[in-house]
file target_13.txt (compact mmCIF, C-alpha atoms)
# COMPACT_ATOMS: atom_id res chain seq x y z
CA MET A 1462 0.00 0.00 0.00
CA LEU A 1463 2.75 2.37 1.04
CA TRP A 1464 4.90 1.41 -1.94
CA ARG A 1465 1.97 1.93 -4.26
CA LEU A 1466 1.42 5.37 -2.80
CA ILE A 1467 5.11 6.23 -3.14
CA ALA A 1468 5.14 4.93 -6.72
CA LYS A 1469 2.09 7.00 -7.54
CA HIS A 1470 3.64 10.21 -6.22
CA ARG A 1471 7.25 9.32 -6.96
CA ARG A 1472 8.07 12.72 -8.49
CA ALA A 1473 7.03 14.60 -5.39
CA VAL A 1474 8.64 11.95 -3.17
CA ILE A 1475 12.00 12.12 -4.98
CA LEU A 1476 11.99 15.92 -5.08
CA GLY A 1477 11.04 16.11 -1.41
CA ALA A 1478 13.65 13.53 -0.43
CA THR A 1479 16.48 15.31 -2.26
CA LEU A 1480 15.50 18.71 -0.91
CA ILE A 1481 15.16 17.42 2.64
CA ALA A 1482 18.46 15.52 2.38
CA SER A 1483 20.23 18.65 1.12
CA PHE A 1484 18.69 20.81 3.81
CA LEU A 1485 19.59 18.29 6.51
CA LEU A 1486 23.19 18.14 5.30
CA MET A 1487 23.47 21.93 5.51
CA THR A 1488 21.83 22.02 8.94
CA LEU A 1489 24.13 19.33 10.31
CA GLN A 1490 27.19 21.28 9.19
CA VAL A 1491 26.05 24.45 10.89
CA ARG A 1492 25.69 22.66 14.22
CA HIS A 1493 28.80 20.47 13.99
CA ASP A 1494 30.89 18.59 11.44
CA PRO A 1495 29.26 15.16 11.19
CA ALA A 1496 30.98 12.06 9.83
CA VAL A 1497 28.49 11.68 7.01
CA VAL A 1498 29.46 15.08 5.58
CA ALA A 1499 33.18 14.36 5.80
CA PHE A 1500 32.63 10.94 4.27
CA THR A 1501 30.57 12.32 1.37
CA ARG A 1502 33.09 15.05 0.65
CA GLN A 1503 35.99 12.60 0.72
CA ALA A 1504 34.18 10.03 -1.42
CA VAL A 1505 33.38 12.57 -4.12
CA LEU A 1506 36.87 14.07 -3.99
CA MET A 1507 38.45 10.63 -4.30
CA ALA A 1508 36.17 9.74 -7.19
CA VAL A 1509 36.97 12.84 -9.20
CA SER A 1510 40.61 13.38 -8.21
CA PRO A 1511 42.01 11.31 -11.15
CA VAL A 1512 39.96 13.40 -13.58
CA ILE A 1513 41.24 16.65 -12.10
CA LYS A 1514 44.85 15.47 -12.04
CA VAL A 1515 44.74 14.14 -15.60
CA THR A 1516 43.11 17.36 -16.82
CA ALA A 1517 45.73 19.50 -15.10
CA VAL A 1518 48.55 17.45 -16.66
CA ALA A 1519 46.86 17.40 -20.08
CA LEU A 1520 46.29 21.13 -19.92
CA GLY A 1521 50.01 21.67 -19.37
CA SER A 1522 50.82 19.49 -22.39
CA VAL A 1523 48.20 21.14 -24.57
CA GLY A 1524 49.49 24.54 -23.55
CA GLN A 1525 52.97 23.53 -24.64
CA VAL A 1526 51.69 22.15 -27.96
CA TRP A 1527 49.62 25.28 -28.51
CA GLN A 1528 52.62 27.48 -27.79
CA ASP A 1529 54.68 25.48 -30.28
CA TYR A 1530 51.93 25.82 -32.87
CA ILE A 1531 51.76 29.58 -32.41
CA ASP A 1532 55.51 29.85 -32.66
CA LEU A 1533 55.55 27.84 -35.87
CA ARG A 1534 52.84 29.95 -37.46
CA THR A 1535 54.83 33.07 -36.75
CA VAL A 1536 57.91 31.89 -38.63
CA ARG A 1537 56.16 30.08 -41.47
CA LYS A 1538 56.76 33.02 -43.80
CA GLU A 1539 60.47 32.53 -43.65
CA ASN A 1540 62.42 29.82 -45.46
CA LEU A 1541 62.63 26.30 -44.12
CA GLN A 1542 66.05 26.63 -42.57
CA LEU A 1543 65.27 29.87 -40.80
CA ARG A 1544 61.94 28.53 -39.68
CA ARG A 1545 63.55 25.50 -38.11
CA GLU A 1546 66.16 27.60 -36.37
CA ALA A 1547 63.61 30.11 -35.22
CA ALA A 1548 61.31 27.38 -33.96
CA ILE A 1549 64.14 25.79 -32.05
CA ARG A 1550 65.17 29.14 -30.62
CA GLU A 1551 61.64 30.06 -29.72
CA ARG A 1552 61.10 26.76 -28.01
CA ARG A 1553 64.39 27.02 -26.15
CA VAL A 1554 63.66 30.56 -25.06
CA SER A 1555 60.20 29.52 -23.96
CA GLN A 1556 61.61 26.58 -22.04
CA LEU A 1557 64.33 28.71 -20.46
CA GLU A 1558 61.87 31.39 -19.49
CA GLU A 1559 59.62 28.79 -17.94
CA GLN A 1560 62.64 27.26 -16.20
CA ALA A 1561 63.73 30.68 -14.99
CA LEU A 1562 60.28 31.41 -13.60
CA GLU A 1563 60.12 28.01 -11.97
CA THR A 1564 63.62 28.47 -10.55
CA GLN A 1565 62.60 31.86 -9.20
CA ARG A 1566 59.57 30.36 -7.52
CA LEU A 1567 61.52 27.40 -6.16
CA GLN A 1568 64.28 29.71 -4.91
CA GLY A 1569 61.62 31.51 -2.96
CA LEU A 1570 60.52 28.24 -1.45
CA LEU A 1571 64.13 27.27 -0.70
CA ALA A 1572 64.71 30.63 0.99
CA ILE A 1573 61.91 29.80 3.36
CA ARG A 1574 63.36 26.34 3.88
CA ASP A 1575 66.80 27.70 4.72
CA ALA A 1576 65.41 30.14 7.23
CA SER A 1577 63.26 27.70 9.15
CA ARG A 1578 63.35 24.54 11.13
CA ALA A 1579 59.89 23.17 10.40
CA ASP A 1580 59.16 20.29 8.03
CA PHE A 1581 57.23 21.09 4.90
CA LEU A 1582 55.98 19.47 1.74
CA ALA A 1583 55.72 21.08 -1.68
CA ALA A 1584 52.56 20.62 -3.75
CA ARG A 1585 51.19 21.84 -7.06
CA VAL A 1586 47.84 23.55 -7.45
CA VAL A 1587 45.67 21.40 -9.74
CA GLY A 1588 42.21 22.94 -9.38
CA ARG A 1589 40.09 25.73 -7.96
CA ASP A 1590 36.78 26.08 -6.16
CA THR A 1591 33.70 25.18 -8.20
CA SER A 1592 31.76 28.18 -6.91
CA ASN A 1593 32.42 31.90 -6.88
CA TRP A 1594 31.30 32.19 -3.26
CA PHE A 1595 34.08 30.29 -1.62
CA LYS A 1596 37.83 30.41 -2.15
CA THR A 1597 39.50 27.01 -2.07
CA ILE A 1598 42.14 25.30 -4.20
CA LEU A 1599 42.95 21.65 -4.88
CA ILE A 1600 46.56 20.46 -4.49
CA ASP A 1601 48.12 17.26 -5.78
CA ARG A 1602 49.19 15.85 -2.39
CA GLY A 1603 47.05 13.98 0.10
CA SER A 1604 47.12 11.86 3.21
CA SER A 1605 49.49 9.36 1.55
CA ALA A 1606 52.09 12.16 1.56
CA GLY A 1607 51.49 12.94 5.22
CA ILE A 1608 49.00 15.75 4.81
CA ARG A 1609 46.24 16.06 7.35
CA ARG A 1610 43.44 18.51 8.07
CA ASN A 1611 44.22 22.00 9.38
CA LEU A 1612 47.87 22.03 8.35
CA PRO A 1613 48.99 25.55 7.38
CA VAL A 1614 49.72 26.21 3.71
CA ILE A 1615 52.18 28.91 2.68
CA ALA A 1616 53.89 30.36 -0.40
CA PRO A 1617 57.24 32.17 -0.63
CA ASP A 1618 55.58 35.51 0.09
CA GLY A 1619 53.43 34.44 3.01
CA LEU A 1620 50.35 32.64 4.26
CA VAL A 1621 48.00 30.94 1.79
CA GLY A 1622 45.50 29.16 4.03
CA ARG A 1623 44.91 25.80 5.69
CA VAL A 1624 44.23 22.24 4.58
CA PHE A 1625 40.48 21.78 4.65
CA GLU A 1626 39.76 18.31 3.22
CA VAL A 1627 42.16 15.42 2.64
CA THR A 1628 41.97 12.37 0.40
CA PRO A 1629 44.86 9.94 -0.20
CA THR A 1630 46.00 11.74 -3.35
CA LEU A 1631 44.39 15.17 -3.31
CA SER A 1632 43.70 17.87 -0.74
CA LYS A 1633 41.50 20.92 -0.61
CA VAL A 1634 42.98 24.11 0.81
CA GLN A 1635 40.84 26.89 2.23
CA LEU A 1636 42.41 30.18 1.16
CA LEU A 1637 42.76 33.10 3.55
CA THR A 1638 40.30 35.07 1.41
CA ASP A 1639 37.53 32.49 1.80
CA PRO A 1640 34.58 34.25 3.45
CA VAL A 1641 34.45 31.67 6.27
CA SER A 1642 38.20 31.71 6.91
CA ALA A 1643 39.70 33.28 10.03
CA ALA A 1644 43.25 33.52 11.39
CA GLY A 1645 44.85 35.22 14.35
CA GLY A 1646 46.92 38.20 13.21
CA LEU A 1647 49.43 40.61 14.69
CA VAL A 1648 50.49 44.04 13.47
CA GLN A 1649 54.24 43.56 13.16
CA ARG A 1650 55.19 47.14 14.10
CA THR A 1651 53.01 47.63 17.16
CA ARG A 1652 52.21 44.00 18.14
CA VAL A 1653 48.48 44.71 18.18
CA ALA A 1654 46.45 41.53 17.79
CA GLY A 1655 43.31 41.07 15.71
CA ILE A 1656 41.54 38.43 13.71
CA VAL A 1657 42.01 38.25 9.95
CA PHE A 1658 38.81 37.30 8.12
CA GLY A 1659 38.36 36.44 4.47
CA ASN A 1660 36.10 38.83 2.64
CA LEU A 1661 34.54 38.53 -0.82
CA GLU A 1662 34.61 42.27 -1.26
CA ALA A 1663 37.94 43.39 0.14
CA GLY A 1664 39.97 40.18 0.19
CA LEU A 1665 41.09 40.35 3.84
CA VAL A 1666 39.66 42.30 6.76
CA VAL A 1667 41.14 42.50 10.27
CA ARG A 1668 38.54 42.81 13.00
CA TYR A 1669 38.69 43.19 16.79
CA LEU A 1670 41.60 45.63 16.72
CA PRO A 1671 41.24 47.80 19.85
CA GLN A 1672 39.86 51.25 19.00
CA LEU A 1673 42.87 53.10 20.40
CA ALA A 1674 45.49 50.71 19.03
CA ASP A 1675 48.18 52.08 16.74
CA VAL A 1676 47.43 50.67 13.28
CA ALA A 1677 48.36 52.58 10.14
CA VAL A 1678 48.25 52.11 6.39
CA GLY A 1679 51.38 50.30 5.28
CA ASP A 1680 51.73 48.19 8.43
CA GLU A 1681 52.63 44.56 7.90
CA MET A 1682 50.36 41.92 9.43
CA ILE A 1683 51.73 38.53 10.47
CA THR A 1684 50.14 35.48 12.05
CA SER A 1685 49.88 35.68 15.83
CA GLY A 1686 50.18 31.97 16.54
CA LEU A 1687 46.96 32.10 18.56
CA GLY A 1688 44.27 29.62 17.62
CA GLY A 1689 46.60 26.67 17.17
CA VAL A 1690 46.43 26.34 13.38
CA PHE A 1691 48.96 28.84 12.02
CA PRO A 1692 52.40 29.24 13.57
CA LYS A 1693 53.48 32.71 14.64
CA GLY A 1694 55.32 35.01 12.27
CA ILE A 1695 54.05 34.13 8.80
CA PRO A 1696 53.42 37.27 6.68
CA VAL A 1697 49.71 37.71 5.97
CA GLY A 1698 49.32 41.07 4.27
CA ARG A 1699 49.80 44.83 4.28
CA VAL A 1700 47.28 47.28 5.74
CA VAL A 1701 45.74 49.34 2.94
CA ALA A 1702 42.91 50.99 4.86
CA VAL A 1703 41.90 51.55 8.48
CA GLU A 1704 38.34 52.26 9.55
CA ARG A 1705 37.60 53.78 12.94
CA ARG A 1706 33.95 54.35 13.78
CA SER A 1707 33.12 56.71 16.61
CA GLY A 1708 31.50 54.89 19.48
CA ALA A 1709 32.66 51.45 18.33
CA LEU A 1710 34.78 49.24 20.55
CA PHE A 1711 37.02 48.06 17.77
CA GLN A 1712 38.54 49.37 14.59
CA GLU A 1713 38.82 47.46 11.32
CA ALA A 1714 41.62 47.28 8.80
CA THR A 1715 41.62 46.09 5.21
CA LEU A 1716 44.60 44.04 4.12
CA GLN A 1717 46.21 43.43 0.76
CA PRO A 1718 47.28 39.75 0.93
CA LYS A 1719 51.01 39.18 0.64
CA VAL A 1720 50.42 36.26 -1.70
CA ASP A 1721 48.64 36.67 -5.03
CA LEU A 1722 46.14 33.90 -4.32
CA SER A 1723 44.65 34.01 -7.81
CA ARG A 1724 47.91 32.97 -9.44
CA LEU A 1725 49.19 30.23 -7.17
CA GLU A 1726 51.02 27.38 -8.89
CA GLU A 1727 52.99 25.78 -6.09
CA VAL A 1728 52.50 25.86 -2.33
CA LEU A 1729 54.18 24.49 0.78
CA ILE A 1730 52.37 22.59 3.49
CA LEU A 1731 53.83 22.96 6.97
CA LEU A 1732 53.88 19.45 8.39
CA GLN A 1733 54.74 20.63 11.91
CA PRO A 1734 52.43 23.56 12.47
CA ASP A 1735 53.70 24.04 16.00
CA ALA A 1736 57.16 24.89 14.77
CA PRO A 1737 57.58 28.60 14.04
CA ALA A 1738 58.01 29.67 10.46
CA GLY A 1739 58.28 32.84 8.45
CA VAL A 1740 60.19 36.07 8.77
CA GLU A 1741 60.28 36.17 12.53
CA ALA A 1742 60.98 32.60 13.37
CA GLY A 1743 62.76 31.21 10.35
CA GLY A 1744 61.82 28.85 7.55
CA LEU A 1745 61.33 25.27 6.69
CA ARG A 1746 62.91 21.99 5.77
CA GLN A 1747 61.67 20.20 2.66
CA LYS A 1748 60.74 16.53 2.76
CA MET B 215 23.46 6.70 -23.13
CA LYS B 216 23.23 5.36 -19.60
CA TRP B 217 26.73 6.70 -18.92
CA ALA B 218 26.22 9.97 -20.73
CA PHE B 219 25.27 11.99 -17.66
CA PRO B 220 28.03 10.65 -15.36
CA LEU B 221 30.60 11.20 -18.12
CA THR B 222 29.48 14.75 -18.78
CA LEU B 223 29.45 15.35 -15.04
CA LEU B 224 33.10 14.26 -14.83
CA ALA B 225 33.91 16.49 -17.80
CA CYS B 226 32.12 19.30 -16.01
CA VAL B 227 34.27 18.72 -12.92
CA ALA B 228 37.43 19.03 -15.01
CA VAL B 229 36.17 22.14 -16.77
CA GLN B 230 34.96 23.89 -13.65
CA THR B 231 37.98 23.14 -11.43
CA VAL B 232 40.82 23.39 -13.93
CA LEU B 233 39.87 25.05 -17.21
CA LEU B 234 37.45 27.82 -16.27
CA ASP B 235 40.15 29.51 -14.23
CA PHE B 236 41.59 30.73 -17.53
CA VAL B 237 38.38 32.43 -18.62
CA SER B 238 37.38 33.98 -15.32
CA VAL B 239 36.41 37.64 -15.48
CA ALA B 240 37.44 39.59 -12.37
CA GLY B 241 37.66 36.28 -10.53
CA VAL B 242 34.13 35.26 -11.47
CA ARG B 243 33.49 32.08 -13.43
CA PRO B 244 30.31 30.70 -14.99
CA ASP B 245 28.52 27.83 -13.29
CA CYS B 246 28.99 24.82 -15.55
CA PHE B 247 27.13 22.48 -13.20
CA LEU B 248 24.01 24.58 -13.59
CA LEU B 249 24.38 24.46 -17.38
CA LEU B 250 24.87 20.70 -17.19
CA VAL B 251 21.57 20.30 -15.36
CA LEU B 252 19.84 22.66 -17.79
CA PHE B 253 21.23 20.62 -20.68
CA TRP B 254 20.07 17.22 -19.40
CA ALA B 255 16.83 18.07 -17.63
CA PRO B 256 14.68 18.66 -20.76
CA HIS B 257 15.72 15.21 -21.99
CA ALA B 258 14.70 13.44 -18.79
CA ARG B 259 11.67 12.75 -16.65
CA PRO B 260 11.29 15.11 -13.67
CA GLU B 261 12.35 12.49 -11.12
CA THR B 262 15.46 11.62 -13.13
CA ALA B 263 16.28 15.30 -13.64
CA THR B 264 15.89 15.86 -9.89
CA LEU B 265 18.36 13.08 -9.11
CA GLN B 266 20.75 14.34 -11.79
CA GLY B 267 20.57 17.80 -10.25
CA PHE B 268 21.19 16.35 -6.80
CA ALA B 269 24.24 14.40 -8.02
CA ALA B 270 25.66 17.41 -9.87
CA GLY B 271 25.03 19.69 -6.90
CA LEU B 272 26.55 17.30 -4.39
CA THR B 273 29.66 16.98 -6.57
CA GLN B 274 29.91 20.75 -6.86
CA ASP B 275 29.50 21.13 -3.09
CA ALA B 276 32.18 18.52 -2.37
CA LEU B 277 34.62 20.43 -4.58
CA SER B 278 33.75 23.77 -3.05
CA GLY B 279 34.41 25.34 0.32
CA GLY B 280 30.70 25.90 0.86
CA PRO B 281 28.29 23.82 2.91
CA LEU B 282 27.55 20.38 1.50
CA GLY B 283 23.97 20.35 0.25
CA LEU B 284 23.77 23.99 -0.90
CA LYS B 285 24.10 23.39 -4.62
CA ALA B 286 22.49 19.95 -4.29
CA PHE B 287 19.34 21.68 -3.05
CA ILE B 288 19.38 24.30 -5.79
CA LEU B 289 20.20 22.00 -8.69
CA SER B 290 17.68 19.33 -7.59
CA LEU B 291 14.97 21.96 -7.69
CA LEU B 292 16.25 23.39 -10.95
CA GLY B 293 16.39 19.95 -12.56
CA PHE B 294 12.83 19.18 -11.49
CA LEU B 295 11.43 22.52 -12.65
CA THR B 296 13.30 22.42 -15.95
CA ALA B 297 12.05 18.93 -16.72
CA ARG B 298 8.49 19.89 -15.77
CA LEU B 299 8.39 23.16 -17.66
CA SER B 300 10.65 22.46 -20.64
CA ARG B 301 7.79 21.53 -22.95
CA ARG B 302 5.75 24.60 -22.09
CA LEU B 303 8.65 27.02 -22.25
CA ALA B 304 10.52 25.49 -25.19
CA THR B 305 11.32 28.09 -27.81
CA GLU B 306 13.71 28.42 -30.73
CA LYS B 307 13.86 32.21 -30.61
CA PRO B 308 17.22 33.37 -29.30
CA LEU B 309 16.07 36.22 -27.09
CA PRO B 310 13.51 34.25 -25.05
CA GLN B 311 16.10 31.47 -24.73
CA PHE B 312 18.53 33.96 -23.24
CA TRP B 313 15.88 35.33 -20.87
CA LEU B 314 15.04 31.81 -19.73
CA LEU B 315 18.70 31.07 -19.08
CA LEU B 316 19.00 34.35 -17.23
CA ALA B 317 15.95 33.49 -15.14
CA ALA B 318 17.34 30.04 -14.32
CA ALA B 319 20.78 31.39 -13.40
CA GLY B 320 19.21 34.30 -11.54
CA GLY B 321 16.88 32.05 -9.60
CA ALA B 322 19.76 29.77 -8.66
CA GLY B 323 21.87 32.77 -7.62
CA LEU B 324 19.15 34.26 -5.46
CA LEU B 325 18.45 30.91 -3.86
CA SER B 326 22.17 30.60 -3.09
CA VAL B 327 22.14 33.99 -1.39
CA GLY B 328 19.00 33.06 0.54
CA LEU B 329 20.36 29.73 1.76
CA LEU B 330 23.77 31.18 2.63
CA SER B 331 22.09 33.99 4.55
CA PHE B 332 19.97 31.45 6.40
CA PHE B 333 22.84 29.15 7.35
CA LEU B 334 25.89 31.43 7.56
CA GLY B 335 24.36 34.84 8.13
CA PRO B 336 23.71 37.54 5.53
CA PRO B 337 26.70 38.23 3.28
CA PRO B 338 27.67 41.88 2.63
CA LEU B 339 25.43 43.41 -0.03
CA LEU B 340 28.22 44.79 -2.20
CA ALA B 341 30.10 41.51 -2.16
CA THR B 342 26.90 39.67 -3.00
CA LEU B 343 26.24 41.93 -5.96
CA ARG B 344 29.86 41.65 -7.04
CA VAL B 345 29.67 37.86 -7.09
CA VAL B 346 26.08 37.04 -7.94
CA VAL B 347 25.33 39.47 -10.76
CA PRO B 348 28.43 38.72 -12.88
CA GLU B 349 28.00 34.99 -12.26
CA ILE B 350 24.38 35.08 -13.41
CA LEU B 351 25.22 37.08 -16.54
CA TYR B 352 28.29 35.03 -17.36
CA THR B 353 26.46 31.72 -16.86
CA ALA B 354 23.48 32.85 -18.94
CA LEU B 355 25.73 34.11 -21.73
CA LEU B 356 27.82 30.94 -21.80
CA GLY B 357 24.67 28.85 -21.66
CA PHE B 358 23.24 30.82 -24.54
CA LEU B 359 26.35 30.13 -26.61
CA VAL B 360 26.80 26.50 -25.60
CA LEU B 361 23.28 25.20 -25.05
CA ARG B 362 21.61 26.73 -28.07
CA VAL B 363 20.36 23.39 -29.26
CA PRO B 364 16.83 22.91 -30.47
CA PRO B 365 14.56 21.89 -27.63
CA VAL B 366 14.29 18.15 -27.54
CA GLN B 367 10.97 16.50 -27.11
CA PRO B 368 12.00 13.40 -25.23
CA LYS B 369 10.34 10.07 -25.47
CA ARG B 370 8.81 9.74 -22.07
CA THR B 371 7.69 6.29 -21.16
CA ARG B 372 4.66 6.34 -19.00
CA PRO B 373 4.78 3.92 -16.10
CA ALA B 374 2.33 1.12 -16.26
call {"tool": "encode", "arguments": {"input": "target_13.txt", "output": "structure tokens"}}
result
Amino acid sequence: MLWRLIAKHRRAVILGATLIASFLLMTLQVRHDPAVVAFTRQAVLMAVSPVIKVTAVALGSVGQVWQDYIDLRTVRKENLQLRREAAIRERRVSQLEEQALETQRLQGLLAIRDASRADFLAARVVGRDTSNWFKTILIDRGSSAGIRRNLPVIAPDGLVGRVFEVTPTLSKVQLLTDPVSAAGGLVQRTRVAGIVFGNLEAGLVVRYLPQLADVAVGDEMITSGLGGVFPKGIPVGRVVAVERRSGALFQEATLQPKVDLSRLEEVLILLQPDAPAGVEAGGLRQK
Amino acid sequence: MKWAFPLTLLACVAVQTVLLDFVSVAGVRPDCFLLLVLFWAPHARPETATLQGFAAGLTQDALSGGPLGLKAFILSLLGFLTARLSRRLATEKPLPQFWLLLAAAGGAGLLSVGLLSFFLGPPPLLATLRVVVPEILYTALLGFLVLRVPPVQPKRTRPA
């Protein structure tokens, strides 16, 4: 009887079930982080991680082929010998430029390594968030490489974010600019503490800075080490605006992130988040 | 044909996470998962379109930093409504097609804002406008260019 009734109204039943399931999932996450949510996220991530990795690799290859094709079209007007030489030169220049850029980036990472005593792991960025609301990236290292949730992620210039989800081969990193991201911050010059929040509009906003605290445009903000996720001393950003409202308990500052989070290609994951890293405390040791 | 939706969903994952980064405008990218649901829903029965929307939304949520279930909710509803209304609203004229896409993307965007406000608190108005409006326009425009296929009248088998 019940099955017959369900079969008769199956459209409404299926629609209702999916909507209720979605709503329940969202509600559960607001209250706490249940196992079913973590399991679902991990299962989907694991299922699609090969596709993302293969696409990222293929895109690199296609980009190279496309670059070669463009180069060849440019020199086609010349004779065969010149065209070959030009193509070879173009390709070599392109390769050298790419190598130089990569070397520059890696030197930045090595500089951090030399100045620190924490363990870290390098990873490549292979994907970005599927929505425009949230700011996360996918990296090509997972739990099989020793990554676990809440590990800090940095770049040569400063803090990037924290590991948010982990699968054996792929991890999701919540960027500092994500609207639900928060990190303890410290104004380097005056040692005033605040909390750095991600903001869709401004990028980064520091809240809970005491109203009378000395904070000025141009000040550097570093991590405070409070909160237990990010070690103290990692550069976060530079103050570009300060807002003091009369009668308010706190002032707010807008930060320009130290790292260009829209153009990340490689990142470092701090495997010992307790160990200090960054300009104040020194760098890292690569695994 | 049975594997067509899962395969296009995987392709959509690759496009949305890896490729669309290169065509983002001011950091805003179109919503390919929404277009995927809009593409398949007119070809399917409402219950199938609902489940397709749920699967696409759940995948999108798992790959996003947002709450799991947000897009699943929106795309389930969108799949159902598209499948139900596709026959009535089917048109070959470009302008109404664009308006329909804009309405679908706009509805999904507004629902996103509503659900996010309900669960995470209201987002700042300027930021909302900065994200939602370009996303709606970009998605509708891409959908108009990509999905401009004649409306399909699917063979719907009536249950016994």
call {"tool": "residues_around", "arguments": {"input": "target_13.txt", "residues": "Phe333 (chain B)", "least_positions_apart": "6", "cutoff": "9 Å", "atoms": "only C-alpha atoms", "output": "number ranges by chain"}}
result
A: 1487-1488, 1491; B: 281
call {"tool": "write_last_selection", "arguments": {"input": "target_13.txt", "atoms": "C-alpha atoms", "output": "compact mmCIF listing (two decimals), in the coordinates of the input"}}
result
# COMPACT_ATOMS: atom_id res chain seq x y z
CA MET A 1487 23.47 21.93 5.51
CA THR A 1488 21.83 22.02 8.94
CA VAL A 1491 26.05 24.45 10.89
CA PRO B 281 28.29 23.82 2.91
call {"tool": "residues_around", "arguments": {"input": "target_13.txt", "residues": "Ala1478 (chain A)", "least_positions_apart": "6", "cutoff": "12 Å", "atoms": "only C-alpha atoms", "output": "short mmCIF file (atom, residue, chain, number, x, y, z; two decimals) with C-alpha atoms, in the frame of the given file"}}
result
data_model
loop_
_atom_site.label_atom_id
_atom_site.label_comp_id
_atom_site.auth_asym_id
_atom_site.auth_seq_id
_atom_site.Cartn_x
_atom_site.Cartn_y
_atom_site.Cartn_z
CA ILE A 1467 5.11 6.23 -3.14
CA ARG A 1471 7.25 9.32 -6.96
CA ARG A 1472 8.07 12.72 -8.49
CA PHE A 1484 18.69 20.81 3.81
CA LEU A 1485 19.59 18.29 6.51
CA GLU B 261 12.35 12.49 -11.12
CA THR B 264 15.89 15.86 -9.89
CA LEU B 265 18.36 13.08 -9.11
CA PHE B 268 21.19 16.35 -6.80
CA ALA B 286 22.49 19.95 -4.29
CA PHE B 287 19.34 21.68 -3.05
CA SER B 290 17.68 19.33 -7.59
CA LEU B 291 14.97 21.96 -7.69
#
call {"tool": "residues_around", "arguments": {"input": "target_13.txt", "residues": "Thr1684 (chain A)", "least_positions_apart": "4", "cutoff": "7 Å", "atoms": "all atoms listed in the file", "output": "list in words"}}
result
Gly1645, Gly1646, Leu1647, Phe1691, Pro1692, Lys1693, Gly1694, Ile1695, Pro1696 and Val1697 of chain A
call {"tool": "residues_around", "arguments": {"input": "target_13.txt", "residues": "region 1597-1605 of chain A", "least_positions_apart": "6", "cutoff": "8 Å", "atoms": "all atoms listed in the file", "output": "list in words"}}
result
Lys1514, Ala1584, Arg1585, Val1586, Val1587, Gly1588, Arg1589, Asp1590, Val1627, Thr1628, Pro1629, Thr1630, Leu1631, Ser1632, Lys1633, Val1634, Gln1635, Leu1636 and Asp1639 of chain A; Ser278 and Gly279 of chain B
call {"tool": "atom_distance", "arguments": {"input": "target_13.txt", "atom1": "CA of Gln1733 (chain A)", "atom2": "CA of Asp1580 (chain A)"}}
result
5.9 Å
call {"tool": "atom_distance", "arguments": {"input": "target_13.txt", "atom1": "CA of Arg1705 (chain A)", "atom2": "CA of Leu343 (chain B)"}}
result
25.0 Å
call {"tool": "build_atoms", "arguments": {"input": "target_13.txt", "residues": "region 1463-1474 of chain A", "atoms": "N, CA and C atoms", "output": "PDB file, in the frame of the given file"}}
result
ATOM      1  N   LEU A1463       1.845   1.222   0.931  1.00  0.00           N
ATOM      2  CA  LEU A1463       2.750   2.370   1.040  1.00  0.00           C
ATOM      3  C   LEU A1463       3.579   2.521  -0.230  1.00  0.00           C
ATOM      4  N   TRP A1464       4.080   1.375  -0.723  1.00  0.00           N
ATOM      5  CA  TRP A1464       4.900   1.410  -1.940  1.00  0.00           C
ATOM      6  C   TRP A1464       4.087   1.915  -3.122  1.00  0.00           C
ATOM      7  N   ARG A1465       2.838   1.502  -3.164  1.00  0.00           N
ATOM      8  CA  ARG A1465       1.970   1.930  -4.260  1.00  0.00           C
ATOM      9  C   ARG A1465       1.759   3.457  -4.216  1.00  0.00           C
ATOM     10  N   LEU A1466       1.613   3.923  -2.979  1.00  0.00           N
ATOM     11  CA  LEU A1466       1.420   5.370  -2.800  1.00  0.00           C
ATOM     12  C   LEU A1466       2.685   6.140  -3.197  1.00  0.00           C
ATOM     13  N   ILE A1467       3.833   5.587  -2.793  1.00  0.00           N
ATOM     14  CA  ILE A1467       5.110   6.230  -3.140  1.00  0.00           C
ATOM     15  C   ILE A1467       5.297   6.221  -4.658  1.00  0.00           C
ATOM     16  N   ALA A1468       4.990   5.053  -5.264  1.00  0.00           N
ATOM     17  CA  ALA A1468       5.140   4.930  -6.720  1.00  0.00           C
ATOM     18  C   ALA A1468       4.227   5.917  -7.444  1.00  0.00           C
ATOM     19  N   LYS A1469       3.056   6.106  -6.897  1.00  0.00           N
ATOM     20  CA  LYS A1469       2.090   7.000  -7.540  1.00  0.00           C
ATOM     21  C   LYS A1469       2.576   8.454  -7.499  1.00  0.00           C
ATOM     22  N   HIS A1470       3.185   8.823  -6.365  1.00  0.00           N
ATOM     23  CA  HIS A1470       3.640  10.210  -6.220  1.00  0.00           C
ATOM     24  C   HIS A1470       5.168  10.275  -6.213  1.00  0.00           C
ATOM     25  N   ARG A1471       5.789   9.444  -7.045  1.00  0.00           N
ATOM     26  CA  ARG A1471       7.250   9.320  -6.960  1.00  0.00           C
ATOM     27  C   ARG A1471       7.966  10.635  -7.272  1.00  0.00           C
ATOM     28  N   ARG A1472       7.411  11.445  -8.162  1.00  0.00           N
ATOM     29  CA  ARG A1472       8.070  12.720  -8.490  1.00  0.00           C
ATOM     30  C   ARG A1472       8.169  13.610  -7.262  1.00  0.00           C
ATOM     31  N   ALA A1473       7.057  13.751  -6.595  1.00  0.00           N
ATOM     32  CA  ALA A1473       7.030  14.600  -5.390  1.00  0.00           C
ATOM     33  C   ALA A1473       7.903  13.981  -4.300  1.00  0.00           C
ATOM     34  N   VAL A1474       7.863  12.635  -4.216  1.00  0.00           N
ATOM     35  CA  VAL A1474       8.640  11.950  -3.170  1.00  0.00           C
ATOM     36  C   VAL A1474      10.130  12.160  -3.406  1.00  0.00           C
TER      37      VAL A1474
END
